[in-house]
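Notes for the one structure printed next.
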Amino acid sequence: MSIIKVKNLTKTYHDTEVPVHAVNGVNLEFKKGEFSAIVGPSGSGKTTLLNMIGGLEHPSSGMVEVNGTDMFELSSSALIEFRLMNIGFVFQAYNLIPVLTAKENVEFIMQLQNKDKKQMNERTISLLESVGLGDRLNSRPNQLSGGQQQRVAVARALASKPMFVLADEPTANLDSKATMQLLEIMEVLNREENITFIFATHDQRVVDKAHRVITIDDGKIISDESVSK
Amino acid sequence: MNTILKIAWRNIWRNKRRTFITIASIMFALFFSTIMRGFQLGSYANMKRNAVEAYSGYVQIHKKGYWDDKNINNIFSIDEKLVSKLENDSRVKVIIPRIESFALASSGESSKGVLVMGVSPDKEDKMTQIKSYLEEGEFISENDKSILVAQDLAKFLKVGVNDSLVLFSSGYHGATAAGLYAIKGIVKLPTPEMNRGTIYLPIEEAKSFLSTEGKMSALVFDLHDLEDADGVLETVSANIDHEKYEVLGWKLMNKELIQMIESDNAGGIVMISILYLVIAFGIFGTVLMMTNERTREFSVMVSLGMQKTKLAMVVLLELFFMTLLGVVAGIAISLPIMIYYYYNPIVFTGESVEAMKEFNFEPIMPMSLDPQIFLTQAIAISIISLIAMSYPTIKIMTMNVINGLRS
Ligand SMILES: Nc1ncnc2c1ncn2[C@@H]1O[C@H](COP(=O)(O)OP(=O)(O)O)[C@@H](O)[C@H]1O
Ligand SMILES: [Mg+2]
């Protein structure tokens with residue numbers, strides 16, 4: 001059963017001289033537990049597509065249904081609440097709240113969800129341990145490397161027990177070692193806890209790990225292949 | 001809520017220098033404005049008290065028309081029962097009878113026009129504390145036939161204790177008034193004008209000197225509390241015959257002083273407003289930077305699922321903390337200074353003293369500790385902060401997360 005249904009999605013920017021069709025008639029479905037990569041050259045529309053799937057940006061036409069909810073029918077504060085409860089985000093960089101420690105950054109999401117304190121504490125520690133940062137609980141973002149920061153961001157994205165995690169170029173600012181570490185962690189989380197990940201990337205190392213590769217160019221899907229591992 | 005407080009508190013220390021400058025500017029604004037207002041309000045209260053206690057009292061009863069025409073023929077008598085009834089009012093400290101008249105005082109060598117005040121010495125002392133102004137000699141008593149002379153007047157007439165003065169005046173209904181009086185004491189009166197030309201005479205002697213047939217020119221009310229002045233004025237008003245008498249409150253009797261205070265006060269408020277305008281620009285600058293340098297961070301937080309109202313709350317708390325710290329620090333440095341000057345008012349010396357006396361000011365500058373001073377300044381700063389808060393609030397409520405994420 002699909003948890004995400006993207007129907008005839010388009011996004012056209014009119015703020016330039018010639019209208020830009022950043023996403024142009026995309027139809028897609030994602031199932032629980034998928035580990036997919038949306039790939040394509042810079043400017044092909046990956047970020048725009050991902051932002052719409054995440055309910056961050058309104059489409060020009062078409063719809064995105066998450067677990068039966070048409071997100072863009074929601075009021076803006078209901079949409080924020082919907083994201084909080086259902087979607088995890090990992091951005092390219094500067095993901096974390098600078099004044100909070102690694103632990104507080106992860107807890108932040110659960111606090112917004114009004115989770116019970118004890119439960120929150122346990123879950124935070126186990127999440128940070130699972131991304132290999134059990135010993136950096138009280139470090140502030142500026143005391144962590146880029147790779148460590150991205151791993152905290154992954155832990156945070158999972159804190160809310162989301163239906164799926166969207167990651168836009170999560171490895172763009174990382175060296176090979178950090179990239180491999182991050183990918184392995186996400187792979188394990190996907191395999192062992194059935195977490196659904198959707199990446200936007202043009203990093204071949206990420207593409208190599210993906211179980212499904214969706215190629216986009218000029219806002220259109222040009223191929224959608226499952227890779228057996 | 002806890003997290004919001006924590007984020008806000010830590011955020012203000014991200015740019016320590018900017019935060020210190022902002023807090024310091026609020027602190028200094030508060031420091032200067034409270035000290036300045038403290039001196040102003042202290043001086044005003046002192047001037048009012050001087051004017052009221054040294055002369056006018058809070059309420060006076062006269063024969064109708066006396067205040068506009070202070071003529072010895074405009075004197076009156078009043079039902080003693082009414083006076084004792086009013087004196088029994090708990091708000092009233094004392095009711096003082098007076099006879100006032102102008103006279104020519106002559107020491108043989110020189111002479112000068114003076115105000116002769118026929119007073120009931122002990123009652124008068126209760127209000128004006130005239131006994132404490134005694135510089136030389138002794139205080140007069142009810143049945144004396146001797147006088148007290150103001151210090152500068154005595155100097156002018158070149159007389160001292162035990163010398164005599166001749167007083168000439170015109171009495172009630174045109175009777176001639178002339179008398180030779182021994183000087184029993186010299187008093188240094190608080191307002192320079194009075195100190196230059198006042199003579200006190202026991203009221204019974206004044207009545208016979210001016211042939212008033214037992215009448216007086218004023219009944220002066222001293223109260224325990226300035227706050228009661230309007231209420232007592234009303235009570236007195238309700239009890240007398242307005243065909244025969246007039247009742248005046250202290251504000252009416254000290255019109256010029258009130259006007260002077262009002263215009264000086266307005267000047268002070270203008271100065272403080274200018275100061276606050278400068279501070280306001282500083283605060284706005286801080287808020288502008290604080291908001292605009294964090295658009296990406298704000299976008300991430302809202303993307304993750306933080307409601308915009310909560311985010312706005314964080315920024316408002318940041319501004320609130322800074323304002324509070326500034327206000328508390330400002331009061332913390334001004335309060336000890338104000339307490340010091342409250343107990344040790346500035347006494348002017350040197351050339352300025354003469355100029356102040358010329359304008360009838362007592363050459364001291366007392367401090368007021370009226371809590372309203374602090375409250376008003378704190379409210380003014382809070383209003384500036386509230387206005388400043390509107391910027392991040394609007395910015396956050398209308399922001400588009402995509403723009404922030406793509407920046
Ligand atoms: N706010 C915008 N206004 C105008 N054009 C935009 C805007 N955002 C993105 N685009 C354009 O849309 C296209 C797709 O961009 P994007 O989704 O960021 O691609 P990718 O993530 O694959 O690099 C690009 O041509 C980009 O310039
Ligand atoms: Mg992109």
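We name chains A, B, ... following the order of the structure tokens; residues begin at 1 in each chain, and ligands are numbered from 1 as shown.
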
Checklist entry - What are the DSSP strand (DSSP E) residues of stretch 32-126 of chain B, as a ChimeraX atom specification? => result /B:59-63,92-106,111-119

Next on the checklist: Please identify all residues of chain B having at least one atom at most 7 Å from any atom of chain A, considering only C-alpha atoms, and return them as a ChimeraX atom specification.
Outcome noted: /B:7,10-11,297,300,303-307,401-402

Quick one: write out the picked residues with N, CA and C atoms as a short mmCIF file (atom, residue, chain, number, x, y, z; two decimals), in the first residue's frame?
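Contents of part.cif, as written:
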data_model
loop_
_atom_site.label_atom_id
_atom_site.label_comp_id
_atom_site.auth_asym_id
_atom_site.auth_seq_id
_atom_site.Cartn_x
_atom_site.Cartn_y
_atom_site.Cartn_z
N ILE B 7 15.65 28.27 24.67
CA ILE B 7 16.16 28.72 23.37
C ILE B 7 16.31 30.23 23.39
N ARG B 10 19.26 31.42 25.60
CA ARG B 10 20.58 31.16 25.00
C ARG B 10 20.80 32.02 23.76
N ASN B 11 19.73 32.28 23.04
CA ASN B 11 19.87 33.09 21.83
C ASN B 11 20.41 34.47 22.12
N GLU B 297 17.39 29.61 9.93
CA GLU B 297 17.10 28.89 11.17
C GLU B 297 15.59 28.85 11.44
N VAL B 300 13.92 26.40 9.10
CA VAL B 300 14.14 25.00 9.48
C VAL B 300 13.18 24.64 10.60
N SER B 303 9.72 24.27 9.31
CA SER B 303 9.64 23.07 8.46
C SER B 303 9.49 21.82 9.31
N LEU B 304 10.26 21.78 10.39
CA LEU B 304 10.23 20.59 11.25
C LEU B 304 8.89 20.42 11.96
N GLY B 305 8.12 21.52 12.06
CA GLY B 305 6.82 21.39 12.68
C GLY B 305 6.58 22.33 13.85
N MET B 306 7.41 23.37 13.98
CA MET B 306 7.16 24.34 15.04
C MET B 306 6.17 25.38 14.53
N GLN B 307 5.12 25.61 15.30
CA GLN B 307 4.13 26.61 14.88
C GLN B 307 4.78 27.99 14.88
N VAL B 401 8.70 29.52 4.29
CA VAL B 401 9.84 28.68 4.69
C VAL B 401 10.76 28.37 3.53
N ILE B 402 10.19 28.28 2.33
CA ILE B 402 11.00 27.93 1.17
C ILE B 402 12.10 28.96 0.93
#

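If only C-alpha atoms are the atoms counted, then among A:Arg205, A:Lys11, A:Lys117, A:Lys32 the closest residue to A:Leu183 is A:Arg205.
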
Next on the checklist: At a cut-off of 12 Å and counting only C-alpha atoms and all ligand atoms, what residues surround ligand 2? Please answer as a ChimeraX atom specification.
Outcome noted: /A:22,38-51,91-93,167-170,172,199-203,216 /B:402,405-407

Next on the checklist: Can you tell me which residues surround B:Met289 at a distance of at most 10 Å, considering only C-alpha atoms, apart from same-chain residues fewer than 5 positions away, and format the answer as a PyMOL selection string?
Outcome noted: chain B and resi 18+284+294

Item to check | All alpha helix (DSSP H) residues (DSSP, backbone) inside stretch 8-228 of chain A, as a PyMOL selection string | outcome: chain A and resi 46-53+76-86+102-112+117-130+146-159+176-193+204-209

Checklist entry - If we count only C-alpha atoms, what is near B:Ile381 at a cut-off of 8 Å, once residues fewer than 5 positions away on the same chain are taken out, given as number ranges by chain? => result B: 26, 276, 323, 327

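For the pair atom CA of B:Thr198 and atom CA of B:Ser111, the separation is 13.0 Å.
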
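Nearest to ligand 1 of all the residues A:Glu29, A:Lys5, A:Val206, A:Val20 is A:Val20, based on only C-alpha atoms and all ligand atoms.
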
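The residue set within 7 Å of A:Val152, counting only C-alpha atoms and dropping same-chain residues fewer than 3 places from it, reads Ala102, Leu128, Gln148, Gln149, Ala155 and Arg156 of chain A.
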
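Across A:Lys177, A:Lys220, A:Lys209, A:Lys161, the tightest approach to A:Gly146 is made by A:Lys177 when counting only C-alpha atoms.
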
Checklist entry - Using only C-alpha atoms, which residues sit within 6 Å of B:Ala8 once same-chain residues fewer than 4 positions away are excluded, as an NGL selection string? => result :B and (314 or 317-318)

Next on the checklist: Which residues are close to A:Asn67, i.e. within 10 Å by only C-alpha atoms, leaving aside same-chain residues fewer than 3 positions away? Reply as a ChimeraX atom specification.
Outcome noted: /A:1-5,64,70-71,86,163

Write a file of the just-selected residues containing N, CA, C and O atoms, as a short mmCIF file (atom, residue, chain, number, x, y, z; two decimals), in the first residue's frame.
data_model
loop_
_atom_site.label_atom_id
_atom_site.label_comp_id
_atom_site.auth_asym_id
_atom_site.auth_seq_id
_atom_site.Cartn_x
_atom_site.Cartn_y
_atom_site.Cartn_z
N MET A 1 0.83 -1.20 0.00
CA MET A 1 0.00 0.00 0.00
C MET A 1 0.87 1.25 0.00
O MET A 1 1.86 1.33 0.72
N SER A 2 0.51 2.22 -0.84
CA SER A 2 1.32 3.44 -0.91
C SER A 2 0.99 4.38 0.24
O SER A 2 -0.18 4.58 0.56
N ILE A 3 2.06 4.94 0.83
CA ILE A 3 1.81 5.95 1.86
C ILE A 3 1.83 7.36 1.27
O ILE A 3 1.30 8.29 1.84
N ILE A 4 2.51 7.50 0.12
CA ILE A 4 2.54 8.81 -0.54
C ILE A 4 2.06 8.65 -1.97
O ILE A 4 2.50 7.75 -2.69
N LYS A 5 1.10 9.50 -2.36
CA LYS A 5 0.64 9.49 -3.75
C LYS A 5 0.82 10.89 -4.32
O LYS A 5 0.27 11.85 -3.80
N VAL A 64 -0.65 16.09 -3.51
CA VAL A 64 0.17 15.13 -2.78
C VAL A 64 -0.70 14.59 -1.66
O VAL A 64 -1.22 15.35 -0.85
N ASP A 70 -4.91 14.88 1.79
CA ASP A 70 -4.44 15.84 0.78
C ASP A 70 -3.85 17.02 1.55
O ASP A 70 -4.57 17.86 2.09
N MET A 71 -2.52 17.06 1.60
CA MET A 71 -1.86 18.03 2.48
C MET A 71 -2.21 19.47 2.18
O MET A 71 -2.29 20.29 3.07
N ASN A 86 4.09 13.63 11.03
CA ASN A 86 4.21 12.59 10.00
C ASN A 86 5.49 12.57 9.17
O ASN A 86 5.80 11.57 8.55
N MET A 163 6.17 9.03 9.34
CA MET A 163 5.79 8.03 8.35
C MET A 163 6.92 7.84 7.34
O MET A 163 7.14 6.75 6.83
#

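Distance-wise, atom CA of A:Ser223 and atom CA of A:Glu17 end up 29.8 Å apart.
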